[in-house]
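Colleague: Data file protein_38.pdb (PDB, C-alpha atoms) is appended below.
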ATOM      1  CA  MET A   1      97.985  75.876  91.860
ATOM      2  CA  SER A   2     100.530  77.282  89.410
ATOM      3  CA  THR A   3     100.276  79.952  86.766
ATOM      4  CA  ASN A   4     102.606  81.335  84.143
ATOM      5  CA  VAL A   5     103.718  84.884  84.940
ATOM      6  CA  GLY A   6     105.761  86.282  82.059
ATOM      7  CA  SER A   7     108.040  83.452  81.007
ATOM      8  CA  THR A   8     108.542  81.912  84.430
ATOM      9  CA  ASP A   9     106.355  79.339  86.142
ATOM     10  CA  MET A  10     105.222  80.722  89.486
ATOM     11  CA  THR A  11     103.602  78.894  92.357
ATOM     12  CA  VAL A  12     100.663  80.989  93.542
ATOM     13  CA  THR A  13      99.297  80.692  97.042
ATOM     14  CA  LYS A  14      95.666  79.590  97.231
ATOM     15  CA  ASP A  15      94.667  82.560  99.367
ATOM     16  CA  ARG A  16      94.346  86.059  97.975
ATOM     17  CA  TYR A  17      95.338  89.071 100.013
ATOM     18  CA  ASP A  18      93.256  92.194 100.201
ATOM     19  CA  VAL A  19      96.426  94.247  99.824
ATOM     20  CA  VAL A  20     100.061  93.516  99.035
ATOM     21  CA  VAL A  21     102.465  96.244 100.089
ATOM     22  CA  VAL A  22     105.632  96.192  97.991
ATOM     23  CA  GLY A  23     108.366  97.639 100.201
ATOM     24  CA  GLY A  24     108.669  97.628 103.975
ATOM     25  CA  GLY A  25     110.031 101.088 104.753
ATOM     26  CA  ALA A  26     108.258 103.857 106.638
ATOM     27  CA  ALA A  27     105.585 104.403 103.978
ATOM     28  CA  GLY A  28     104.874 100.718 103.480
ATOM     29  CA  LEU A  29     104.679  99.908 107.184
ATOM     30  CA  SER A  30     102.412 102.892 107.775
ATOM     31  CA  ALA A  31     100.026 101.761 105.042
ATOM     32  CA  ALA A  32     100.118  98.222 106.423
ATOM     33  CA  LEU A  33      99.382  99.451 109.935
ATOM     34  CA  ILE A  34      96.164 101.216 108.974
ATOM     35  CA  LEU A  35      95.131  98.314 106.728
ATOM     36  CA  GLY A  36      95.756  95.793 109.495
ATOM     37  CA  ARG A  37      93.759  97.892 111.935
ATOM     38  CA  SER A  38      90.983  97.912 109.312
ATOM     39  CA  ARG A  39      90.982  94.099 109.375
ATOM     40  CA  ARG A  40      92.324  93.815 105.842
ATOM     41  CA  ARG A  41      94.381  90.735 105.030
ATOM     42  CA  THR A  42      97.669  92.389 104.180
ATOM     43  CA  LEU A  43     101.127  91.194 103.139
ATOM     44  CA  VAL A  44     104.264  93.336 103.196
ATOM     45  CA  VAL A  45     107.082  92.132 100.936
ATOM     46  CA  ASP A  46     110.343  93.833 101.837
ATOM     47  CA  ALA A  47     113.661  93.628  99.973
ATOM     48  CA  GLY A  48     115.503  95.176 102.937
ATOM     49  CA  GLU A  49     117.064  98.102 101.038
ATOM     50  CA  PRO A  50     115.983 101.295 102.843
ATOM     51  CA  ARG A  51     117.393 104.537 101.482
ATOM     52  CA  ASN A  52     118.555 105.687 104.934
ATOM     53  CA  ALA A  53     120.322 102.433 105.867
ATOM     54  CA  PRO A  54     123.810 104.054 105.922
ATOM     55  CA  ALA A  55     122.702 106.573 108.566
ATOM     56  CA  ALA A  56     123.284 105.713 112.223
ATOM     57  CA  HIS A  57     120.335 107.826 113.348
ATOM     58  CA  MET A  58     117.280 109.500 111.876
ATOM     59  CA  HIS A  59     116.018 112.903 112.935
ATOM     60  CA  GLY A  60     112.977 115.112 112.621
ATOM     61  CA  VAL A  61     110.496 112.361 113.482
ATOM     62  CA  LEU A  62     108.531 113.472 116.511
ATOM     63  CA  SER A  63     109.032 111.138 119.524
ATOM     64  CA  ARG A  64     111.598 109.088 117.551
ATOM     65  CA  ASP A  65     114.307 111.699 117.032
ATOM     66  CA  GLY A  66     117.740 110.078 117.133
ATOM     67  CA  MET A  67     116.447 106.521 116.730
ATOM     68  CA  SER A  68     118.379 104.264 114.362
ATOM     69  CA  PRO A  69     116.598 103.521 111.070
ATOM     70  CA  ALA A  70     116.942  99.779 111.689
ATOM     71  CA  ALA A  71     115.357 100.010 115.154
ATOM     72  CA  TYR A  72     112.540 102.145 113.751
ATOM     73  CA  LEU A  73     111.673  99.574 111.095
ATOM     74  CA  GLU A  74     111.896  96.742 113.601
ATOM     75  CA  ALA A  75     109.420  98.556 115.850
ATOM     76  CA  GLY A  76     107.126  99.060 112.865
ATOM     77  CA  ARG A  77     107.202  95.377 111.986
ATOM     78  CA  ARG A  78     106.246  94.492 115.558
ATOM     79  CA  GLU A  79     103.322  96.897 115.414
ATOM     80  CA  ILE A  80     101.873  95.596 112.148
ATOM     81  CA  ALA A  81     102.234  91.995 113.342
ATOM     82  CA  ALA A  82      99.947  92.816 116.269
ATOM     83  CA  TYR A  83      97.148  93.434 113.755
ATOM     84  CA  GLY A  84      97.694  90.264 111.760
ATOM     85  CA  VAL A  85      99.692  91.807 108.920
ATOM     86  CA  GLU A  86     102.168  89.359 107.375
ATOM     87  CA  TRP A  87     105.719  90.459 106.613
ATOM     88  CA  ARG A  88     107.958  88.595 104.205
ATOM     89  CA  ALA A  89     111.571  89.203 103.247
ATOM     90  CA  GLY A  90     111.809  89.105  99.487
ATOM     91  CA  THR A  91     111.838  91.018  96.230
ATOM     92  CA  VAL A  92     108.812  91.606  94.037
ATOM     93  CA  THR A  93     109.849  91.180  90.419
ATOM     94  CA  GLY A  94     106.563  92.118  88.793
ATOM     95  CA  ALA A  95     102.792  92.293  88.925
ATOM     96  CA  THR A  96     100.147  91.538  86.319
ATOM     97  CA  PRO A  97      96.362  91.947  86.296
ATOM     98  CA  ASP A  98      94.648  88.698  87.275
ATOM     99  CA  GLY A  99      91.405  89.198  85.350
ATOM    100  CA  GLN A 100      89.422  89.574  88.591
ATOM    101  CA  GLY A 101      90.135  93.234  89.216
ATOM    102  CA  GLY A 102      93.297  92.426  91.183
ATOM    103  CA  PHE A 103      96.869  91.348  90.551
ATOM    104  CA  THR A 104      99.236  88.423  90.581
ATOM    105  CA  VAL A 105     102.413  89.539  92.330
ATOM    106  CA  SER A 106     105.589  87.665  91.386
ATOM    107  CA  LEU A 107     108.500  87.234  93.800
ATOM    108  CA  ALA A 108     112.153  86.530  93.076
ATOM    109  CA  ASP A 109     111.996  83.211  94.941
ATOM    110  CA  GLY A 110     109.659  81.772  92.307
ATOM    111  CA  THR A 111     106.440  82.186  94.258
ATOM    112  CA  ALA A 112     103.536  84.516  93.580
ATOM    113  CA  VAL A 113     100.586  85.817  95.558
ATOM    114  CA  GLY A 114      97.248  87.331  94.674
ATOM    115  CA  ALA A 115      96.194  90.817  95.704
ATOM    116  CA  ARG A 116      93.045  92.859  95.283
ATOM    117  CA  ARG A 117      95.058  96.073  95.624
ATOM    118  CA  LEU A 118      98.735  97.062  95.551
ATOM    119  CA  VAL A 119     100.742  99.684  97.401
ATOM    120  CA  VAL A 120     104.224 100.276  95.984
ATOM    121  CA  THR A 121     106.602 101.861  98.495
ATOM    122  CA  THR A 122     109.953 100.741  97.125
ATOM    123  CA  GLY A 123     111.814 104.037  97.557
ATOM    124  CA  LEU A 124     114.756 105.224  95.506
ATOM    125  CA  VAL A 125     118.516 104.900  95.126
ATOM    126  CA  ASP A 126     120.920 107.830  95.511
ATOM    127  CA  GLU A 127     123.416 107.540  92.676
ATOM    128  CA  LEU A 128     126.385 109.426  94.112
ATOM    129  CA  PRO A 129     129.065 111.394  92.266
ATOM    130  CA  THR A 130     132.042 109.242  91.341
ATOM    131  CA  ILE A 131     134.437 111.101  93.633
ATOM    132  CA  ASP A 132     137.014 109.069  95.536
ATOM    133  CA  GLY A 133     135.798 108.520  99.109
ATOM    134  CA  VAL A 134     132.222 109.797  98.757
ATOM    135  CA  ALA A 135     130.476 106.415  98.655
ATOM    136  CA  GLU A 136     132.706 105.003 101.410
ATOM    137  CA  ARG A 137     131.940 107.887 103.811
ATOM    138  CA  TRP A 138     128.248 108.248 102.867
ATOM    139  CA  GLY A 139     126.055 108.548 105.948
ATOM    140  CA  ARG A 140     129.054 109.170 108.227
ATOM    141  CA  ASP A 141     130.849 112.436 107.496
ATOM    142  CA  VAL A 142     129.603 112.696 103.909
ATOM    143  CA  LEU A 143     125.998 113.785 104.228
ATOM    144  CA  HIS A 144     123.126 115.129 102.189
ATOM    145  CA  CYS A 145     120.201 116.507 104.200
ATOM    146  CA  PRO A 146     120.817 119.413 106.602
ATOM    147  CA  TYR A 147     117.510 118.754 108.351
ATOM    148  CA  CYS A 148     118.575 115.166 108.972
ATOM    149  CA  HIS A 149     122.172 115.779 110.048
ATOM    150  CA  GLY A 150     122.899 119.501 110.348
ATOM    151  CA  TRP A 151     122.407 119.757 114.092
ATOM    152  CA  GLU A 152     124.752 116.860 114.844
ATOM    153  CA  VAL A 153     127.646 118.420 112.890
ATOM    154  CA  ARG A 154     126.872 122.077 113.638
ATOM    155  CA  ASP A 155     129.708 124.609 113.726
ATOM    156  CA  ARG A 156     132.193 122.282 112.068
ATOM    157  CA  ALA A 157     134.079 123.026 108.842
ATOM    158  CA  PHE A 158     131.625 122.193 106.062
ATOM    159  CA  GLY A 159     132.458 121.452 102.462
ATOM    160  CA  VAL A 160     129.646 121.426  99.913
ATOM    161  CA  ILE A 161     130.127 119.851  96.491
ATOM    162  CA  ALA A 162     127.950 121.849  94.122
ATOM    163  CA  HIS A 163     125.106 120.103  92.362
ATOM    164  CA  PRO A 164     125.034 120.863  88.617
ATOM    165  CA  ARG A 165     121.368 121.909  88.648
ATOM    166  CA  MET A 166     121.327 123.972  91.859
ATOM    167  CA  PRO A 167     124.945 124.815  92.677
ATOM    168  CA  ALA A 168     124.345 127.388  95.436
ATOM    169  CA  HIS A 169     121.230 126.121  97.191
ATOM    170  CA  GLN A 170     122.698 123.590  99.604
ATOM    171  CA  ALA A 171     125.587 125.816 100.656
ATOM    172  CA  LEU A 172     123.191 128.670 101.401
ATOM    173  CA  MET A 173     121.042 126.372 103.516
ATOM    174  CA  LEU A 174     124.010 125.011 105.438
ATOM    175  CA  SER A 175     125.190 128.471 106.425
ATOM    176  CA  LEU A 176     122.489 128.232 109.117
ATOM    177  CA  TRP A 177     124.334 125.324 110.745
ATOM    178  CA  SER A 178     127.920 126.529 110.480
ATOM    179  CA  PRO A 179     129.732 129.845 109.950
ATOM    180  CA  ASP A 180     132.471 127.964 108.063
ATOM    181  CA  VAL A 181     131.083 126.733 104.739
ATOM    182  CA  THR A 182     133.081 126.251 101.547
ATOM    183  CA  LEU A 183     131.345 125.565  98.247
ATOM    184  CA  PHE A 184     133.334 123.487  95.751
ATOM    185  CA  LEU A 185     132.006 124.194  92.272
ATOM    186  CA  HIS A 186     133.363 120.855  90.989
ATOM    187  CA  THR A 187     131.695 120.352  87.575
ATOM    188  CA  ALA A 188     128.932 122.938  87.973
ATOM    189  CA  ASP A 189     128.670 125.859  85.602
ATOM    190  CA  ALA A 190     129.755 129.323  86.679
ATOM    191  CA  LEU A 191     127.512 130.865  89.312
ATOM    192  CA  SER A 192     124.904 133.419  88.362
ATOM    193  CA  ALA A 193     125.394 136.934  89.669
ATOM    194  CA  GLN A 194     122.457 136.438  92.021
ATOM    195  CA  ASP A 195     123.841 133.192  93.457
ATOM    196  CA  ALA A 196     127.282 134.737  93.883
ATOM    197  CA  ALA A 197     125.784 137.665  95.778
ATOM    198  CA  LEU A 198     123.756 135.418  98.061
ATOM    199  CA  LEU A 199     126.748 133.221  98.834
ATOM    200  CA  ASP A 200     128.834 136.273  99.643
ATOM    201  CA  ALA A 201     126.094 137.577 101.938
ATOM    202  CA  ALA A 202     125.998 134.195 103.713
ATOM    203  CA  GLY A 203     129.770 134.184 104.182
ATOM    204  CA  VAL A 204     130.285 131.098 102.004
ATOM    205  CA  GLU A 205     133.700 130.738 100.358
ATOM    206  CA  VAL A 206     133.597 129.511  96.760
ATOM    207  CA  VAL A 207     136.373 127.297  95.368
ATOM    208  CA  ALA A 208     136.616 126.670  91.624
ATOM    209  CA  GLY A 209     137.994 123.476  90.155
ATOM    210  CA  GLU A 210     137.031 119.842  90.012
ATOM    211  CA  VAL A 211     137.089 117.749  93.181
ATOM    212  CA  ALA A 212     139.301 114.668  92.837
ATOM    213  CA  GLY A 213     138.629 113.008  96.182
ATOM    214  CA  LEU A 214     138.340 113.207  99.926
ATOM    215  CA  VAL A 215     141.216 113.051 102.382
ATOM    216  CA  VAL A 216     140.718 110.587 105.259
ATOM    217  CA  GLU A 217     143.074 110.115 108.201
ATOM    218  CA  ASP A 218     142.515 107.569 110.985
ATOM    219  CA  ASP A 219     139.016 106.863 109.636
ATOM    220  CA  ARG A 220     138.136 110.556 109.840
ATOM    221  CA  LEU A 221     137.444 112.999 107.025
ATOM    222  CA  THR A 222     140.005 115.825 107.121
ATOM    223  CA  GLY A 223     139.856 117.515 103.743
ATOM    224  CA  VAL A 224     138.780 117.846 100.134
ATOM    225  CA  ARG A 225     141.420 117.303  97.436
ATOM    226  CA  LEU A 226     141.118 119.184  94.170
ATOM    227  CA  ALA A 227     142.250 117.821  90.819
ATOM    228  CA  GLY A 228     145.201 120.188  90.857
ATOM    229  CA  GLY A 229     146.444 118.740  94.135
ATOM    230  CA  ARG A 230     145.305 121.457  96.537
ATOM    231  CA  VAL A 231     143.725 120.182  99.754
ATOM    232  CA  VAL A 232     141.161 122.271 101.608
ATOM    233  CA  ASP A 233     140.707 121.281 105.248
ATOM    234  CA  ARG A 234     137.120 120.188 105.924
ATOM    235  CA  SER A 235     135.641 117.828 108.510
ATOM    236  CA  VAL A 236     132.187 117.325 106.956
ATOM    237  CA  VAL A 237     131.139 117.232 103.308
ATOM    238  CA  PHE A 238     127.614 117.633 102.004
ATOM    239  CA  VAL A 239     126.818 116.365  98.539
ATOM    240  CA  GLY A 240     123.681 115.659  96.554
ATOM    241  CA  ALA A 241     123.137 112.614  94.384
ATOM    242  CA  ASP A 242     124.021 112.936  90.717
ATOM    243  CA  ARG A 243     120.821 111.077  89.999
ATOM    244  CA  LEU A 244     117.867 109.925  92.056
ATOM    245  CA  ALA A 245     116.697 106.578  90.703
ATOM    246  CA  PRO A 246     113.251 105.509  91.919
ATOM    247  CA  ARG A 247     112.767 101.767  92.319
ATOM    248  CA  ASP A 248     109.697 101.916  90.115
ATOM    249  CA  GLY A 249     110.057  98.802  87.964
ATOM    250  CA  VAL A 250     106.735  97.334  89.113
ATOM    251  CA  LEU A 251     104.939 100.621  88.460
ATOM    252  CA  ARG A 252     106.441 100.988  85.007
ATOM    253  CA  GLN A 253     105.584  97.386  84.169
ATOM    254  CA  LEU A 254     101.954  98.102  85.039
ATOM    255  CA  GLY A 255     101.971 101.206  82.840
ATOM    256  CA  ALA A 256     101.684 103.837  85.561
ATOM    257  CA  ALA A 257     101.885 107.404  84.289
ATOM    258  CA  LEU A 258     105.053 109.337  85.111
ATOM    259  CA  ARG A 259     105.732 113.039  85.543
ATOM    260  CA  GLU A 260     108.946 114.915  84.866
ATOM    261  CA  THR A 261     110.571 116.725  87.788
ATOM    262  CA  PRO A 262     113.892 118.582  88.181
ATOM    263  CA  PHE A 263     115.193 115.294  89.642
ATOM    264  CA  GLY A 264     113.948 112.977  86.889
ATOM    265  CA  ALA A 265     110.755 111.055  86.163
ATOM    266  CA  PHE A 266     108.553 109.932  89.069
ATOM    267  CA  VAL A 267     105.189 108.193  89.178
ATOM    268  CA  THR A 268     102.138 110.424  89.082
ATOM    269  CA  VAL A 269      99.886 110.101  92.146
ATOM    270  CA  ASP A 270      96.923 111.972  93.573
ATOM    271  CA  GLU A 271      96.695 113.234  97.142
ATOM    272  CA  THR A 272      95.986 109.714  98.431
ATOM    273  CA  GLY A 273      98.807 108.057  96.465
ATOM    274  CA  ARG A 274      96.543 106.613  93.778
ATOM    275  CA  THR A 275      98.386 106.036  90.493
ATOM    276  CA  SER A 276      96.918 106.050  86.991
ATOM    277  CA  VAL A 277      96.589 102.237  87.185
ATOM    278  CA  PRO A 278      93.298 101.170  88.791
ATOM    279  CA  GLY A 279      93.964  99.389  92.066
ATOM    280  CA  VAL A 280      97.554 100.581  92.461
ATOM    281  CA  TRP A 281      98.827 103.146  94.950
ATOM    282  CA  ALA A 282     102.345 104.426  95.581
ATOM    283  CA  ALA A 283     103.846 106.281  98.540
ATOM    284  CA  GLY A 284     107.177 107.481  99.897
ATOM    285  CA  ASN A 285     110.365 108.163  97.936
ATOM    286  CA  VAL A 286     109.231 106.172  94.916
ATOM    287  CA  THR A 287     106.870 109.119  94.295
ATOM    288  CA  GLY A 288     109.419 111.901  94.865
ATOM    289  CA  PRO A 289     112.833 112.646  96.344
ATOM    290  CA  GLN A 290     111.770 114.861  99.256
ATOM    291  CA  GLU A 291     109.555 112.413 101.137
ATOM    292  CA  GLN A 292     111.507 112.074 104.377
ATOM    293  CA  VAL A 293     110.469 109.497 106.989
ATOM    294  CA  VAL A 294     107.840 111.686 108.620
ATOM    295  CA  ASN A 295     106.266 112.520 105.240
ATOM    296  CA  ALA A 296     106.419 108.902 104.095
ATOM    297  CA  VAL A 297     104.514 107.794 107.183
ATOM    298  CA  ALA A 298     101.729 110.272 106.443
ATOM    299  CA  LEU A 299     101.544 109.281 102.774
ATOM    300  CA  GLY A 300     101.398 105.591 103.649
ATOM    301  CA  TYR A 301      98.575 106.284 106.085
ATOM    302  CA  ARG A 302      96.598 108.159 103.431
ATOM    303  CA  ALA A 303      97.040 105.332 100.947
ATOM    304  CA  GLY A 304      95.878 102.749 103.495
ATOM    305  CA  VAL A 305      92.731 104.709 104.308
ATOM    306  CA  ALA A 306      91.905 105.265 100.638
ATOM    307  CA  ILE A 307      92.351 101.583  99.773
ATOM    308  CA  ASN A 308      90.238 100.420 102.683
ATOM    309  CA  ASN A 309      87.449 102.805 101.686
ATOM    310  CA  GLU A 310      87.575 101.685  98.066
ATOM    311  CA  LEU A 311      87.416  97.998  99.013
ATOM    312  CA  LEU A 312      84.557  98.562 101.447
ATOM    313  CA  LEU A 313      82.375 100.552  99.085
ATOM    314  CA  GLY A 314      83.159  98.272  96.145
ATOM    315  CA  ASP A 315      82.163  95.176  98.129
ATOM    316  CA  LEU A 316      78.920  96.790  99.283
ATOM    317  CA  GLU A 317      78.066  97.862  95.747
ATOM    318  CA  ASP A 318      78.627  94.261  94.627
ATOM    319  CA  VAL A 319      76.202  93.039  97.297
ATOM    320  CA  VAL A 320      73.567  95.557  96.215
ATOM    321  CA  ALA A 321      74.003  94.561  92.574
ATOM    322  CA  GLY A 322      74.000  90.841  93.350
ATOM    323  CA  ARG A 323      77.550  90.360  92.076
ATOM    324  CA  PRO A 324      80.101  88.096  93.759
ATOM    325  CA  ARG A 325      82.226  90.083  96.178
ATOM    326  CA  GLY A 326      85.851  90.734  95.145
TER
END
Take the structure in the file and write it out as structure tokens.
Modeller:
Amino acid sequence: MSTNVGSTDMTVTKDRYDVVVVGGGAAGLSAALILGRSRRRTLVVDAGEPRNAPAAHMHGVLSRDGMSPAAYLEAGRREIAAYGVEWRAGTVTGATPDGQGGFTVSLADGTAVGARRLVVTTGLVDELPTIDGVAERWGRDVLHCPYCHGWEVRDRAFGVIAHPRMPAHQALMLSLWSPDVTLFLHTADALSAQDAALLDAAGVEVVAGEVAGLVVEDDRLTGVRLAGGRVVDRSVVFVGADRLAPRDGVLRQLGAALRETPFGAFVTVDETGRTSVPGVWAAGNVTGPQEQVVNAVALGYRAGVAINNELLLGDLEDVVAGRPRG
């Protein structure tokens, strides 16, 4: 059958899924795994845009330390398939209530599917500073997370481009991984007396002036170039995103409540990932910037368990009340 979703005619599959998972990263696959093991008819729709795609390896995930992000997701897709979970490459463009307590989920290819519950695990986008060379070297020798990459580049010459909101924090952290750390203030305000004292205690050199770009020789980062022309030799640069942009279009369309954080607005969820919209959960980086792979897996698991419990009890209550089951 067909239905009109927004202003576009969508072809809707006859069957309705128990759960549609929007996003096939660590959080989404984890939710799908527990739902599949709970015998829930589940579909994962994945746009193939993981936040950690530029990284060659991921770290800090017990038993999977050093595995490539792509291999990790491939293994996850194999695991969910073993429990009957369907995986589909595609982009979800929206979701609307279907009048039956569930949702019609619209895809970019013109199709739509029904779902009793939704899990949104679409992650976020790191919007990087517009400094020459940063985007091109991102995930290689321009890095962000010391817990993800610090060990691999330990004891090298670190440069840290100060973040406007927390100019000293990252450089202080990175002093654990290298005795040679230089903080470039770039466009950050002058340091507080407390930050200056801490940086001095950590042995971090502070360089004033705006960063114009990175110096690369033979496909290898060799320095940081200031606007005035000075080049400071560095072999690794750490930089935070100017803005963290959650891929939360579906959640906003559904009217999910947001909360303000130091990193911008993110969807409000409870401890299980439940949003303010009945029937909709969210997990992973779409809910906050610090949900690394290992955290995302746990949050996806919690969401899957909570959804399964809600569906089970709701169906049993319908039976007791003599209502048609959802």
Colleague: What do you get, as a list in words, if you spell out every residue that the PyMOL selection byres ((chain A and resi 66) around 12) selects here?
Modeller: Ala55, Ala56, His57, Met58, His59, Gly60, Val61, Leu62, Ser63, Arg64, Asp65, Met67, Ser68, Pro69, Ala70, Ala71, Tyr72, Cys148, His149, Trp151 and Glu152 of chain A
Colleague: Using all atoms listed in the file, which residue out of A:Arg274, A:Asp242, A:Gly322, A:Leu107 lies closest to Gly94 of chain A?
Modeller: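 Closest to Gly94 of chain A of all the choices is A:Leu107.
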Colleague: Name the residues within 12 Å of (121.3, 129.8, 94.8), counting all atoms listed in the file in the file's coordinates, and put them as a PyMOL selection string.
Modeller: chain A and resi 162-174+183+190-202+204
Colleague: Would you translate the PyMOL selection byres ((chain A and resi 22-39) around 8) into the concrete set of residues it matches in this file, as a PyMOL selection string?
Modeller: chain A and resi 20-21+40-48+50+73+76-77+79-80+83-85+92+118-123+283-284+293+296-305+308
Colleague: For this file, the PyMOL selection byres ((chain A and resi 125-136) around 7) selects which residues, as a list in words?
Modeller: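 That selection, the PyMOL selection byres ((chain A and resi 125-136) around 7), comes back as Arg51, Leu124, Arg137, Trp138, Val142, Ala212, Gly213, Leu214, Ala241, Asp242, Arg243, Leu244, Ala245 and Pro246 of chain A.
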Colleague: Output C-alpha atoms for every residue in the selection just made, as a CSV table (one decimal), in the frame of the given file.
Modeller:
chain,number,residue,atom,x,y,z
A,51,ARG,CA,117.4,104.5,101.5
A,124,LEU,CA,114.8,105.2,95.5
A,137,ARG,CA,131.9,107.9,103.8
A,138,TRP,CA,128.2,108.2,102.9
A,142,VAL,CA,129.6,112.7,103.9
A,212,ALA,CA,139.3,114.7,92.8
A,213,GLY,CA,138.6,113.0,96.2
A,214,LEU,CA,138.3,113.2,99.9
A,241,ALA,CA,123.1,112.6,94.4
A,242,ASP,CA,124.0,112.9,90.7
A,243,ARG,CA,120.8,111.1,90.0
A,244,LEU,CA,117.9,109.9,92.1
A,245,ALA,CA,116.7,106.6,90.7
A,246,PRO,CA,113.3,105.5,91.9
Colleague: Taking all atoms listed in the file into account, which of A:Leu221, A:Leu143, A:Val232, A:Val105 comes nearest Pro54 of chain A?
Modeller: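 Checking each candidate against Pro54 of chain A, we get A:Leu143 as the closest.
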Colleague: Find the residues near Gly223 of chain A: any atom within 10 Å, counting all atoms listed in the file, skip ones fewer than 4 places away on the same chain, and give them as a PyMOL selection string.
Modeller: chain A and resi 157-159+213-217+230-237
Colleague: Between A:Ser276, A:Trp177, A:Asp248, A:Leu316, single out the one closest to Gly288 of chain A, counting only C-alpha atoms.
Modeller: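 That would be A:Asp248, the residue with the smallest distance to Gly288 of chain A.
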Colleague: Using all atoms of segment 215-222 of chain A listed in the file and a margin of 8 Å per side, can you give the axis-aligned box centre and edge lengths in Å to one decimal, as lines of an AutoDock Vina configuration file?
Modeller:
center_x = 140.3
center_y = 111.3
center_z = 106.7
size_x = 21.6
size_y = 25.0
size_z = 24.6
Colleague: I'd like the interatomic distance between atom CA of Gly114 of chain A and atom CA of Tyr17 of chain A, to a tenth of an Å.
Modeller: 5.9 Å
Colleague: Just how far from atom CA of Glu210 of chain A is atom CA of Arg225 of chain A, in Å to one decimal?
Modeller: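 Going from atom CA of Arg225 of chain A over to atom CA of Glu210 of chain A covers 9.0 Å.
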